[in-house]
file structure.cif (mmCIF, C-alpha atoms)
data_start
#
loop_
_atom_site.label_atom_id
_atom_site.label_comp_id
_atom_site.auth_asym_id
_atom_site.auth_seq_id
_atom_site.Cartn_x
_atom_site.Cartn_y
_atom_site.Cartn_z
CA MET A 1 19.10 -11.06 -1.22
CA PRO A 2 17.54 -8.10 -3.03
CA PRO A 3 19.31 -4.74 -3.13
CA SER A 4 17.83 -1.56 -1.72
CA ARG A 5 15.03 -0.29 -3.93
CA HIS A 6 16.98 2.73 -5.12
CA SER A 7 15.06 3.29 -8.31
CA SER A 8 11.91 5.39 -8.05
CA SER A 9 10.96 4.69 -11.63
CA SER A 10 8.38 2.21 -12.77
CA ARG A 11 7.73 0.49 -16.05
CA SER A 12 6.12 2.99 -18.40
CA SER A 13 2.84 2.05 -19.97
CA SER A 14 0.32 3.52 -22.36
CA ARG A 15 -2.19 2.79 -19.64
CA SER A 16 -0.55 5.23 -17.23
CA SER A 17 -2.95 7.07 -14.95
CA SER A 18 -1.49 10.36 -16.15
CA SER A 19 -3.20 9.84 -19.47
CA ARG A 20 -6.67 9.37 -18.03
CA SER A 21 -9.39 11.83 -18.85
CA SER A 22 -11.29 13.88 -16.30
CA HIS A 23 -13.72 11.05 -15.66
CA SER A 24 -10.97 8.52 -14.98
CA ARG A 25 -10.84 7.04 -11.51
CA SER A 26 -9.51 9.47 -8.94
CA SER A 27 -7.20 8.37 -6.17
CA SER A 28 -9.08 10.67 -3.79
CA ARG A 29 -11.90 8.28 -3.01
CA SER A 30 -12.91 7.96 0.62
CA SER A 31 -11.08 5.57 2.88
CA SER A 32 -13.88 3.05 2.60
CA HIS A 33 -13.27 2.77 -1.12
CA SER A 34 -9.56 3.45 -1.32
CA ARG A 35 -6.85 1.18 -2.58
CA SER A 36 -4.83 -0.85 -0.08
CA SER A 37 -2.09 1.09 1.61
CA HIS A 38 1.37 -0.40 1.44
CA SER A 39 4.79 0.67 2.44
CA SER A 40 7.35 2.22 0.10
CA SER A 41 11.11 2.46 0.31
CA TYR A 42 13.51 5.21 1.24
CA GLY A 43 16.55 3.08 0.48
CA GLY A 44 19.44 4.25 -1.69
CA TYR A 45 21.23 7.54 -2.15
CA SER A 46 19.79 10.86 -3.23
CA ARG A 47 20.91 12.15 -6.59
CA HIS A 48 21.62 15.85 -6.50
CA THR A 49 24.40 18.27 -7.19
CA GLY A 50 26.08 20.70 -4.86
CA SER A 51 29.29 20.79 -2.83
CA SER A 52 31.90 18.09 -3.25
CA HIS A 53 31.46 16.49 0.17
CA SER A 54 28.94 14.01 1.55
CA SER A 55 26.49 15.07 4.21
CA THR A 56 24.26 13.29 6.67
CA ARG A 57 20.54 13.83 6.97
CA TYR A 58 17.92 12.12 9.10
CA VAL A 59 14.96 10.52 7.42
CA THR A 60 11.87 8.81 8.79
CA PRO A 61 11.67 5.10 7.88
CA PRO A 62 8.78 4.27 5.54
CA GLN A 63 5.43 3.27 6.93
CA LYS A 64 4.77 -0.44 7.24
CA GLN A 65 2.41 -2.04 4.78
CA ARG A 66 -1.16 -1.81 6.05
CA ILE A 67 -3.50 -4.79 5.52
CA ASN A 68 -6.87 -5.84 6.97
CA GLN A 69 -7.62 -2.21 7.83
CA PRO A 70 -10.94 -0.85 9.07
CA THR A 71 -13.03 0.77 6.36
CA GLY A 72 -15.72 3.37 5.99
CA TYR A 73 -14.57 5.84 8.63
CA ARG A 74 -15.82 9.37 7.98
CA GLY A 75 -14.34 11.75 10.52
CA THR A 76 -15.80 15.15 11.17
CA ALA A 77 -12.44 16.91 11.09
CA ALA A 78 -9.48 16.79 8.73
CA MET A 79 -7.20 15.58 11.50
CA SER A 80 -9.66 13.16 13.09
CA THR A 81 -7.24 10.25 12.66
CA SER A 82 -3.57 10.26 13.59
CA MET A 83 -0.69 7.84 13.12
CA PHE A 84 1.76 6.95 15.87
CA ARG A 85 5.00 5.30 14.75
CA SER A 86 6.83 2.86 17.02
CA THR A 87 9.72 0.46 16.60
CA ARG A 88 7.27 -2.44 16.34
CA HIS A 89 4.12 -1.12 14.72
CA ASP A 90 2.46 1.86 13.05
CA TYR A 91 -0.78 2.71 14.84
CA VAL A 92 -3.66 4.76 13.45
CA TYR A 93 -6.01 6.31 16.01
CA TYR A 94 -9.75 6.56 15.36
CA PRO A 95 -11.56 8.74 17.93
CA ASP A 96 -15.06 7.35 17.37
CA SER A 97 -16.66 3.99 16.77
CA TRP A 98 -18.48 3.70 13.45
CA ARG A 99 -20.30 1.49 11.00
CA ASP A 100 -19.08 0.99 7.47
CA GLU A 101 -22.12 1.89 5.37
CA ILE A 102 -20.88 -0.22 2.48
CA THR A 103 -20.01 -3.49 4.24
CA GLY A 104 -22.22 -3.12 7.32
CA ARG A 105 -19.29 -3.90 9.64
CA ASN A 106 -18.98 -2.16 13.00
CA PHE A 107 -15.61 -0.87 14.19
CA GLU A 108 -14.52 0.24 17.63
CA SER A 109 -12.75 3.48 18.42
CA GLY A 110 -9.11 3.24 19.39
CA PHE A 111 -5.86 2.24 17.71
CA TYR A 112 -5.32 -0.14 14.78
CA ASP A 113 -1.86 -1.39 13.82
CA GLU A 114 -0.73 -2.13 10.26
CA LEU A 115 -2.13 -5.67 10.51
CA GLY A 116 -5.59 -4.47 11.54
CA ASN A 117 -5.28 -5.45 15.22
CA HIS A 118 -7.30 -3.23 17.58
CA TYR A 119 -6.08 -1.68 20.85
CA ASP A 120 -7.98 0.53 23.29
CA HIS A 121 -4.91 2.52 24.30
CA VAL A 122 -1.41 2.84 22.84
CA VAL A 123 1.23 5.00 24.46
CA ILE A 124 4.40 6.02 22.65
CA LYS A 125 7.50 6.42 24.83
CA ASN A 126 10.36 8.70 23.80
CA GLY A 127 12.96 8.74 26.55
CA ALA A 128 11.17 10.12 29.60
CA ASN A 129 8.28 11.51 27.53
CA TYR A 130 4.98 9.82 26.69
CA GLU A 131 2.44 10.60 24.00
CA THR A 132 -0.97 9.30 22.94
CA ARG A 133 -4.43 10.30 21.69
CA ALA A 134 -7.55 9.89 23.79
CA SER A 135 -11.00 11.23 24.56
CA CYS A 136 -11.60 12.71 28.01
CA ASP A 137 -14.28 10.74 29.87
CA TYR A 138 -15.24 13.84 31.84
CA CYS A 139 -15.70 16.56 29.25
CA GLY A 140 -15.56 14.53 26.02
CA THR A 141 -12.67 16.51 24.54
CA GLU A 142 -10.63 14.66 21.94
CA ILE A 143 -7.02 15.42 22.82
CA LYS A 144 -3.42 14.65 22.04
CA LEU A 145 -1.63 14.03 25.34
CA ASN A 146 2.01 14.60 26.23
CA TRP A 147 3.46 14.02 29.70
CA THR A 148 6.73 13.11 31.39
CA GLU A 149 7.62 9.94 33.26
CA GLY A 150 6.21 9.80 36.79
CA ALA A 151 3.30 12.12 36.05
CA LEU A 152 -0.27 11.27 35.17
CA PRO A 153 -1.74 12.65 31.94
CA SER A 154 -4.46 15.24 32.43
CA CYS A 155 -7.06 16.80 30.18
CA PRO A 156 -5.91 20.26 29.07
CA ASN A 157 -9.56 21.34 28.85
CA CYS A 158 -11.00 20.39 32.25
CA GLY A 159 -7.87 19.31 34.12
CA ALA A 160 -9.17 15.83 34.98
CA LEU A 161 -6.52 13.15 35.52
CA LEU A 162 -6.88 10.45 32.89
CA HIS A 163 -5.91 7.30 34.79
CA GLU A 164 -7.54 4.97 32.28
CA VAL A 165 -5.11 6.01 29.54
CA MET A 166 -2.33 4.01 31.18
CA GLN A 167 -4.51 1.09 32.25
CA ASP A 168 -3.87 -1.93 30.01
CA ALA A 169 -2.14 0.37 27.53
CA ILE A 170 0.36 -0.93 25.01
CA VAL A 171 3.56 1.03 25.62
CA GLU A 172 5.85 1.30 22.59
CA ASP A 173 9.19 2.95 21.95
CA LYS A 174 8.96 5.79 19.46
CA LEU A 175 10.35 5.16 15.99
CA GLN A 176 13.34 7.42 15.54
CA ASP A 177 14.61 8.97 12.35
CA VAL A 178 17.68 7.24 10.97
CA PRO A 179 20.84 8.79 9.49
CA GLN A 180 21.31 8.66 5.75
CA TYR A 181 24.54 9.66 4.04
CA VAL A 182 23.83 11.80 1.01
CA PRO A 183 26.58 12.20 -1.62
CA SER A 184 26.47 15.51 -3.45
CA THR A 185 26.95 14.08 -6.94
CA TYR A 186 25.95 10.92 -8.77
CA THR A 187 27.95 9.16 -11.46
CA GLY A 188 25.94 6.05 -12.20
CA SER A 189 24.77 2.94 -10.39
CA THR A 190 25.92 2.32 -6.84
CA GLY A 191 28.64 0.00 -8.04
CA LYS A 192 30.46 2.64 -10.15
CA GLY A 193 32.29 5.89 -9.54
CA TRP A 194 33.53 7.34 -6.27
CA ILE A 195 30.06 7.18 -4.75
CA GLY A 196 29.94 3.47 -5.39
CA LYS A 197 33.37 3.12 -3.85
CA PHE A 198 32.28 5.18 -0.84
CA ILE A 199 29.17 3.06 -0.36
CA THR A 200 31.08 -0.16 -0.83
CA SER A 201 33.81 0.89 1.58
CA MET A 202 31.28 1.85 4.25
CA LEU A 203 29.57 -1.52 3.88
CA VAL A 204 32.86 -3.37 3.96
CA VAL A 205 33.84 -1.64 7.20
CA PHE A 206 30.50 -2.38 8.81
CA LEU A 207 30.41 -5.99 7.65
CA GLY A 208 33.99 -6.51 8.64
CA ILE A 209 33.22 -5.33 12.17
CA CYS A 210 30.23 -7.65 12.39
CA GLY A 211 32.06 -10.55 10.78
CA MET A 212 29.23 -11.17 8.36
CA THR A 213 31.15 -12.97 5.66
CA ALA A 214 27.98 -14.50 4.23
CA ALA A 215 26.48 -11.06 3.66
CA MET A 216 29.72 -10.03 1.98
CA LYS A 217 29.25 -12.88 -0.46
CA ALA A 218 25.72 -11.66 -1.14
CA LEU A 219 27.01 -8.13 -1.73
CA GLN A 220 29.62 -9.40 -4.18
CA ARG A 221 27.03 -11.64 -5.91
CA LYS A 222 29.43 -14.59 -5.95
CA ASN A 223 28.54 -18.22 -5.31
CA LEU A 224 24.97 -17.16 -4.62
CA SER A 225 23.47 -20.59 -5.06
CA SER A 226 25.66 -22.10 -2.35
CA TYR A 227 24.79 -19.16 -0.10
CA ASN A 228 21.00 -19.42 -0.32
CA ALA A 229 20.66 -21.99 2.45
CA GLY A 230 22.52 -19.81 4.91
CA LEU A 231 20.55 -16.75 3.79
CA ASN A 232 17.25 -18.49 4.42
CA GLU A 233 18.34 -19.41 7.93
CA THR A 234 19.28 -15.78 8.54
CA VAL A 235 15.92 -14.57 7.28
CA GLN A 236 13.98 -16.93 9.52
CA ALA A 237 16.07 -15.92 12.50
CA THR A 238 15.54 -12.17 12.06
CA ALA A 239 11.78 -12.12 11.48
CA ASP A 240 9.74 -10.05 13.89
CA GLU A 241 8.33 -12.66 16.24
CA ASN A 242 5.30 -10.46 16.84
CA ASP A 243 4.52 -10.12 13.12
CA GLU A 244 1.44 -12.18 12.28
CA GLY A 245 2.54 -12.30 8.67
CA PHE A 246 0.71 -11.94 5.40
CA PHE A 247 -1.15 -14.95 4.01
CA VAL A 248 -0.67 -15.21 0.25
CA GLU A 249 -3.60 -17.07 -1.28
CA GLU A 250 -1.77 -17.67 -4.55
CA ILE A 251 0.79 -19.92 -2.87
CA GLY A 252 -1.20 -20.92 0.20
CA ARG A 253 1.46 -19.78 2.65
CA THR A 254 2.07 -17.06 5.20
CA CYS A 255 4.99 -14.76 4.43
CA TYR A 256 6.68 -12.34 6.80
CA TRP A 257 8.02 -8.81 6.45
CA TYR A 258 11.74 -8.21 6.96
CA ASP A 259 12.85 -4.65 7.55
CA GLU A 260 16.40 -5.53 6.53
CA TYR A 261 15.29 -6.40 3.00
CA GLU A 262 12.28 -4.05 2.91
CA SER A 263 10.18 -6.92 1.57
CA TYR A 264 8.10 -9.94 2.37
CA TYR A 265 9.86 -13.24 1.78
CA ASP A 266 8.68 -16.67 0.66
CA GLU A 267 11.32 -19.26 1.38
CA GLU A 268 9.90 -22.05 -0.78
CA SER A 269 9.98 -20.00 -4.00
CA ASP A 270 12.97 -17.93 -2.81
CA CYS A 271 11.05 -14.78 -3.66
CA TYR A 272 11.05 -11.35 -2.04
CA PHE A 273 8.06 -9.15 -2.82
CA TRP A 274 6.57 -5.79 -1.83
CA TYR A 275 3.81 -3.44 -2.89
CA LYS A 276 4.93 -0.19 -4.51
CA GLU A 277 2.17 2.12 -3.41
CA ALA A 278 3.23 5.04 -5.61
CA ASP A 279 2.60 2.94 -8.74
CA GLU A 280 0.03 0.57 -7.23
CA VAL A 281 1.96 -2.49 -8.32
CA TRP A 282 3.56 -5.54 -6.73
CA GLU A 283 7.27 -6.06 -7.36
CA TYR A 284 9.12 -9.37 -7.00
CA TRP A 285 12.74 -10.43 -6.60
CA TYR A 286 13.36 -14.03 -7.63
CA GLU A 287 16.77 -15.34 -6.70
CA GLY A 288 18.38 -16.96 -9.73
CA ILE A 289 16.75 -14.45 -12.08
CA SER A 290 16.74 -11.04 -10.45
CA SER A 291 20.21 -11.58 -9.04
CA ASP A 292 21.58 -11.70 -12.59
CA TYR A 293 20.90 -7.95 -12.88
CA GLY A 294 23.12 -6.67 -10.08
CA ASP A 295 21.70 -3.52 -8.50
CA TYR A 296 18.45 -3.96 -10.43
CA GLY A 297 16.36 -7.03 -11.20
CA TRP A 298 13.02 -6.22 -9.57
CA MET A 299 10.18 -7.75 -11.59
CA GLN A 300 6.56 -6.83 -12.28
CA TYR A 301 3.78 -8.89 -13.81
CA ASP A 302 1.64 -7.15 -16.42
CA TYR A 303 -1.88 -8.54 -16.22
CA PHE A 304 -2.88 -6.98 -19.52
CA ASP A 305 0.12 -8.27 -21.48
CA GLU A 306 0.16 -11.48 -19.43
CA ALA A 307 3.93 -11.21 -19.25
CA TRP A 308 6.74 -10.61 -16.76
CA TYR A 309 8.86 -7.46 -16.98
CA ILE A 310 12.22 -6.93 -15.30
CA GLU A 311 14.17 -3.75 -14.60
CA VAL A 312 17.52 -4.18 -16.34
CA SER A 313 18.85 -0.70 -15.52
CA ASP A 314 17.54 2.47 -13.93
CA GLY A 315 14.02 2.94 -15.33
CA ASP A 316 14.55 0.46 -18.18
CA TRP A 317 11.94 -2.30 -17.94
CA GLN A 318 12.04 -5.11 -20.49
CA VAL A 319 10.09 -8.30 -21.09
CA LEU A 320 11.70 -11.14 -19.16
CA PRO A 321 14.00 -12.99 -21.61
CA ASP A 322 12.81 -16.39 -22.82
CA LYS A 323 15.91 -18.04 -21.39
CA TYR A 324 14.28 -17.88 -17.96
CA ASP A 325 11.60 -20.44 -17.13
CA ALA A 326 8.65 -18.40 -15.91
CA SER A 327 6.36 -21.41 -15.42
CA SER A 328 7.28 -21.71 -11.74
CA LEU A 329 6.95 -17.99 -10.96
CA TRP A 330 3.92 -16.88 -9.01
CA HIS A 331 2.35 -13.44 -8.73
CA MET A 332 -0.53 -11.86 -6.88
CA LYS A 333 -3.99 -12.27 -8.33
CA GLU A 334 -5.01 -9.36 -10.51
CA SER A 335 -6.59 -6.59 -8.45
CA GLY A 336 -6.99 -2.86 -8.62
CA THR A 337 -7.00 -2.76 -12.42
CA GLY A 338 -10.71 -2.05 -12.77
CA ARG A 339 -11.30 -5.20 -14.80
CA TYR A 340 -13.78 -7.84 -13.70
CA ASP A 341 -12.16 -11.28 -13.53
CA GLY A 342 -9.49 -10.10 -16.00
CA GLN A 343 -12.02 -9.66 -18.82
CA ASN A 344 -11.48 -7.06 -21.54
CA VAL A 345 -15.09 -7.38 -22.69
CA ILE A 346 -17.99 -8.19 -20.37
CA TYR A 347 -21.64 -8.88 -21.00
CA VAL A 348 -23.87 -6.68 -18.86
CA GLU A 349 -27.14 -8.46 -18.31
CA GLU A 350 -28.91 -5.35 -17.02
CA ILE A 351 -28.54 -3.56 -20.37
CA ASP A 352 -28.29 -6.71 -22.53
CA ARG A 353 -25.08 -5.83 -24.34
CA GLU A 354 -21.32 -6.16 -24.18
CA CYS A 355 -19.04 -3.37 -22.97
CA GLY A 356 -15.34 -3.08 -23.67
CA PHE A 357 -12.54 -2.10 -21.32
CA ILE A 358 -10.74 1.19 -22.07
CA PHE A 359 -7.13 0.60 -21.08
CA GLU A 360 -6.17 4.30 -21.06
CA GLU A 361 -8.90 5.04 -18.52
CA SER A 362 -8.96 1.74 -16.63
CA ASN A 363 -12.70 1.35 -16.89
CA TYR A 364 -15.45 -0.13 -19.06
CA TYR A 365 -17.73 2.07 -21.14
CA ASP A 366 -21.29 1.86 -22.42
CA PRO A 367 -21.75 4.52 -25.14
CA GLU A 368 -25.57 4.28 -25.19
CA THR A 369 -25.94 5.43 -21.60
CA LYS A 370 -22.67 7.37 -21.57
CA CYS A 371 -21.60 5.41 -18.51
CA HIS A 372 -18.06 4.55 -17.49
CA PHE A 373 -17.86 1.83 -14.85
CA TRP A 374 -15.18 -0.26 -13.16
CA TYR A 375 -14.84 -3.07 -10.65
CA ASP A 376 -13.26 -2.12 -7.33
CA ASP A 377 -11.97 -5.43 -5.95
CA LEU A 378 -9.79 -3.77 -3.31
CA VAL A 379 -12.73 -3.38 -0.95
CA ASP A 380 -14.66 -6.11 0.82
CA PRO A 381 -17.09 -6.90 -0.62
CA PRO A 382 -16.03 -5.69 -4.09
CA MET A 383 -18.06 -2.84 -5.55
CA TRP A 384 -18.92 -1.48 -8.97
CA GLN A 385 -18.50 2.26 -9.45
CA TYR A 386 -20.13 4.31 -12.18
CA TRP A 387 -19.56 7.61 -13.92
CA TYR A 388 -22.69 8.96 -15.62
CA ASP A 389 -21.58 11.97 -17.67
CA ASP A 390 -24.76 14.03 -17.17
CA ILE A 391 -24.56 13.66 -13.38
CA SER A 392 -20.97 12.92 -12.37
CA SER A 393 -19.53 15.80 -14.37
CA ASP A 394 -21.32 18.22 -12.00
CA TYR A 395 -18.86 17.21 -9.28
CA GLY A 396 -15.63 18.18 -11.02
CA ASP A 397 -12.72 15.92 -10.13
CA TYR A 398 -15.08 13.66 -8.17
CA GLY A 399 -18.49 12.29 -9.10
CA TRP A 400 -18.01 8.51 -9.05
CA MET A 401 -21.22 6.79 -8.00
CA GLU A 402 -22.15 3.59 -6.20
CA TYR A 403 -25.51 1.89 -5.83
CA ASP A 404 -26.47 0.70 -2.36
CA GLU A 405 -28.68 -2.37 -2.80
CA ASP A 406 -29.73 -2.42 0.85
CA GLU A 407 -30.98 1.18 0.81
CA GLU A 408 -31.91 1.02 -2.87
CA CYS A 409 -30.35 4.38 -3.60
CA TRP A 410 -27.33 5.95 -5.25
CA TYR A 411 -24.34 7.49 -3.49
CA ILE A 412 -21.93 9.94 -5.11
CA GLU A 413 -18.53 11.25 -4.08
CA GLU A 414 -18.98 15.00 -3.76
CA SER A 415 -15.46 15.80 -2.48
CA GLU A 416 -12.43 14.03 -1.14
CA SER A 417 -13.45 11.36 1.39
CA SER A 418 -17.06 12.56 1.33
CA TRP A 419 -19.83 10.36 -0.09
CA ILE A 420 -23.45 11.53 0.02
CA LYS A 421 -26.79 10.25 -1.19
CA LEU A 422 -27.41 11.43 -4.72
CA PRO A 423 -29.68 14.50 -4.49
CA GLU A 424 -33.30 13.88 -5.47
CA SER A 425 -33.02 16.63 -8.07
CA TYR A 426 -31.36 14.10 -10.39
CA ASP A 427 -33.53 11.77 -12.43
CA THR A 428 -32.26 8.23 -11.79
CA SER A 429 -34.95 6.39 -13.74
CA SER A 430 -32.59 5.76 -16.66
CA LEU A 431 -29.60 4.73 -14.56
CA TRP A 432 -28.62 1.08 -14.43
CA HIS A 433 -26.31 -0.85 -12.12
CA ILE A 434 -24.91 -4.36 -12.01
CA GLU A 435 -26.66 -6.39 -9.34
CA SER A 436 -24.57 -8.50 -6.97
CA LYS A 437 -25.10 -12.20 -7.48
#

call {"tool": "encode", "arguments": {"input": "structure.cif", "output": "structure tokens"}}
result
Amino acid sequence: MPPSRHSSSSRSSSRSSSSRSSHSRSSSRSSSHSRSSHSSSYGGYSRHTGSSHSSTRYVTPPQKQRINQPTGYRGTAAMSTSMFRSTRHDYVYYPDSWRDEITGRNFESGFYDELGNHYDHVVIKNGANYETRASCDYCGTEIKLNWTEGALPSCPNCGALLHEVMQDAIVEDKLQDVPQYVPSTYTGSTGKGWIGKFITSMLVVFLGICGMTAAMKALQRKNLSSYNAGLNETVQATADENDEGFFVEEIGRTCYWYDEYESYYDEESDCYFWYKEADEVWEYWYEGISSDYGDYGWMQYDYFDEAWYIEVSDGDWQVLPDKYDASSLWHMKESGTGRYDGQNVIYVEEIDRECGFIFEESNYYDPETKCHFWYDDLVDPPMWQYWYDDISSDYGDYGWMEYDEDEECWYIEESESSWIKLPESYDTSSLWHIESK
């Protein structure tokens, strides 16, 4: 069983996004072109100094990983979409139906959960209070509704009773903040010092009350191999029965998310895995390898080095030692790196020459046309994006361009989440793009 992901550090690399130049890919692309959104962890104990006693604070659990999400939505207001958190799902509300200009797909207005399922109405219940977002059928006002049990929600603009909000609505219990004990000092890993003793003692008390002797064995990291069978049974028993799971093409199986371990789990390979959104990287916990590193042991696969790295201590990532057989380890297919099919050099037929990949900037470059370009395989279908210095630089921190083959025109990102047709004032006769096959 993996430990809480207490370390916020990631393996340092010369290809870090912080070293990119002004024309490097910005994370502020519109939602239709953005990277997949995945959950992160709040586990572990804060490290700060202050008084000598521990305190309690309430924190909101991390958002669930979002997959199969609608794309291409361009709201007219900054707060046009809202998220509603429940004990079962995280719902995002879209007030209008729309068409993704890139993929041509049509999406309905309403709520989408983290798995991409659509709902016309979702109501969040908090005690005797109810909350939702809706559009008034009478005056068209987009509103956030709050009402108490026994009452009917009404439009604050025209006063009309909104009966349809509760018809066939999914009613969910609101996700509550959870208590987190915060020690005022930190003396090392969670297994050392008085903080480690405090944490251990709290866990021992809780586990003793519950009688979970198997979990105690996992905590102590003893006889782990003989414990695995029982652990797997526990995992299968505690999965969210409403979770449709996440199909992993690399292993041809569906894996499920477990809040207790803050990870997906694949029983056959005995591997826990999750997507660290802050660093845009998948992390893996392989029992029999990761468990040798106590409170650490999360692993990452470096597609450029073609090697596994493992965190051996806080922030210290090292190449996986040769004593471990990595031949049976699986990892997600390379994506989000900007490379096409993992190639460091590609031949571009449209300009009849090869272009090399610049690791520091995560894109390819053609010096003759002064064009940086990269392959965005996190959208469906994948897209090429281009940075032409003489044009893109006019848009400051933005300026990435895409060519729409259906409309036979260029689009450019003029500001965050705002893509427009390239103004006719620019001469595009010398611009090239890679045609889809």

call {"tool": "closest_residue", "arguments": {"input": "structure.cif", "among": "A:Gln343, A:Ser86, A:Ser97, A:Ser328", "to": "Tyr286 in chain A", "atoms": "all atoms listed in the file"}}
result
A:Ser328

call {"tool": "resolve_selection", "arguments": {"input": "structure.cif", "expression": "the PyMOL selection byres ((chain A and resi 371) around 8)", "output": "PDB file with C-alpha atoms, in the frame of the given file"}}
result
ATOM      1  CA  TYR A 365     -17.730   2.070 -21.140  1.00  0.00           C
ATOM      2  CA  ASP A 366     -21.290   1.860 -22.420  1.00  0.00           C
ATOM      3  CA  PRO A 367     -21.750   4.520 -25.140  1.00  0.00           C
ATOM      4  CA  GLU A 368     -25.570   4.280 -25.190  1.00  0.00           C
ATOM      5  CA  THR A 369     -25.940   5.430 -21.600  1.00  0.00           C
ATOM      6  CA  LYS A 370     -22.670   7.370 -21.570  1.00  0.00           C
ATOM      7  CA  HIS A 372     -18.060   4.550 -17.490  1.00  0.00           C
ATOM      8  CA  PHE A 373     -17.860   1.830 -14.850  1.00  0.00           C
ATOM      9  CA  TYR A 386     -20.130   4.310 -12.180  1.00  0.00           C
ATOM     10  CA  TRP A 387     -19.560   7.610 -13.920  1.00  0.00           C
ATOM     11  CA  TYR A 388     -22.690   8.960 -15.620  1.00  0.00           C
ATOM     12  CA  ASP A 389     -21.580  11.970 -17.670  1.00  0.00           C
TER      13      ASP A 389
END

call {"tool": "residues_around", "arguments": {"input": "structure.cif", "residues": "Asn344 in chain A", "least_positions_apart": "3", "cutoff": "9 Å", "atoms": "only C-alpha atoms", "output": "list in words"}}
result
Phe304, Arg339, Tyr340, Cys355, Gly356, Phe357, Ile358, Phe359 and Tyr364 of chain A

call {"tool": "closest_residue", "arguments": {"input": "structure.cif", "among": "A:Thr87, A:Ser263, A:Ser392, A:Thr428", "to": "Val171 in chain A", "atoms": "all atoms listed in the file"}}
result
A:Thr87

call {"tool": "resolve_selection", "arguments": {"input": "structure.cif", "expression": "the PyMOL selection byres ((chain A and resi 301) around 10)", "output": "list in words"}}
result
Val281, Trp282, Glu283, Tyr284, Met299, Gln300, Asp302, Tyr303, Phe304, Asp305, Glu306, Ala307, Trp308, Tyr309, Ile310, Val319, Leu320, Trp330, His331, Met332 and Glu334 of chain A

call {"tool": "atom_distance", "arguments": {"input": "structure.cif", "atom1": "CA of Glu172 in chain A", "atom2": "CA of Lys125 in chain A"}}
result
5.8 Å

call {"tool": "resolve_selection", "arguments": {"input": "structure.cif", "expression": "the PyMOL selection byres ((chain A and resi 131-148) around 12)", "output": "JSON, numbers by chain"}}
result
{"A": [76, 77, 79, 80, 81, 82, 83, 84, 85, 86, 91, 92, 93, 94, 95, 96, 109, 110, 111, 120, 121, 122, 123, 124, 125, 126, 127, 128, 129, 130, 149, 150, 151, 152, 153, 154, 155, 156, 157, 158, 159, 160, 161, 162, 163, 164, 165, 166, 169, 170, 171, 172, 173, 174]}

call {"tool": "residues_around", "arguments": {"input": "structure.cif", "residues": "Glu354 in chain A", "least_positions_apart": "6", "cutoff": "9 Å", "atoms": "only C-alpha atoms", "output": "PyMOL selection string"}}
result
chain A and resi 345-348+366
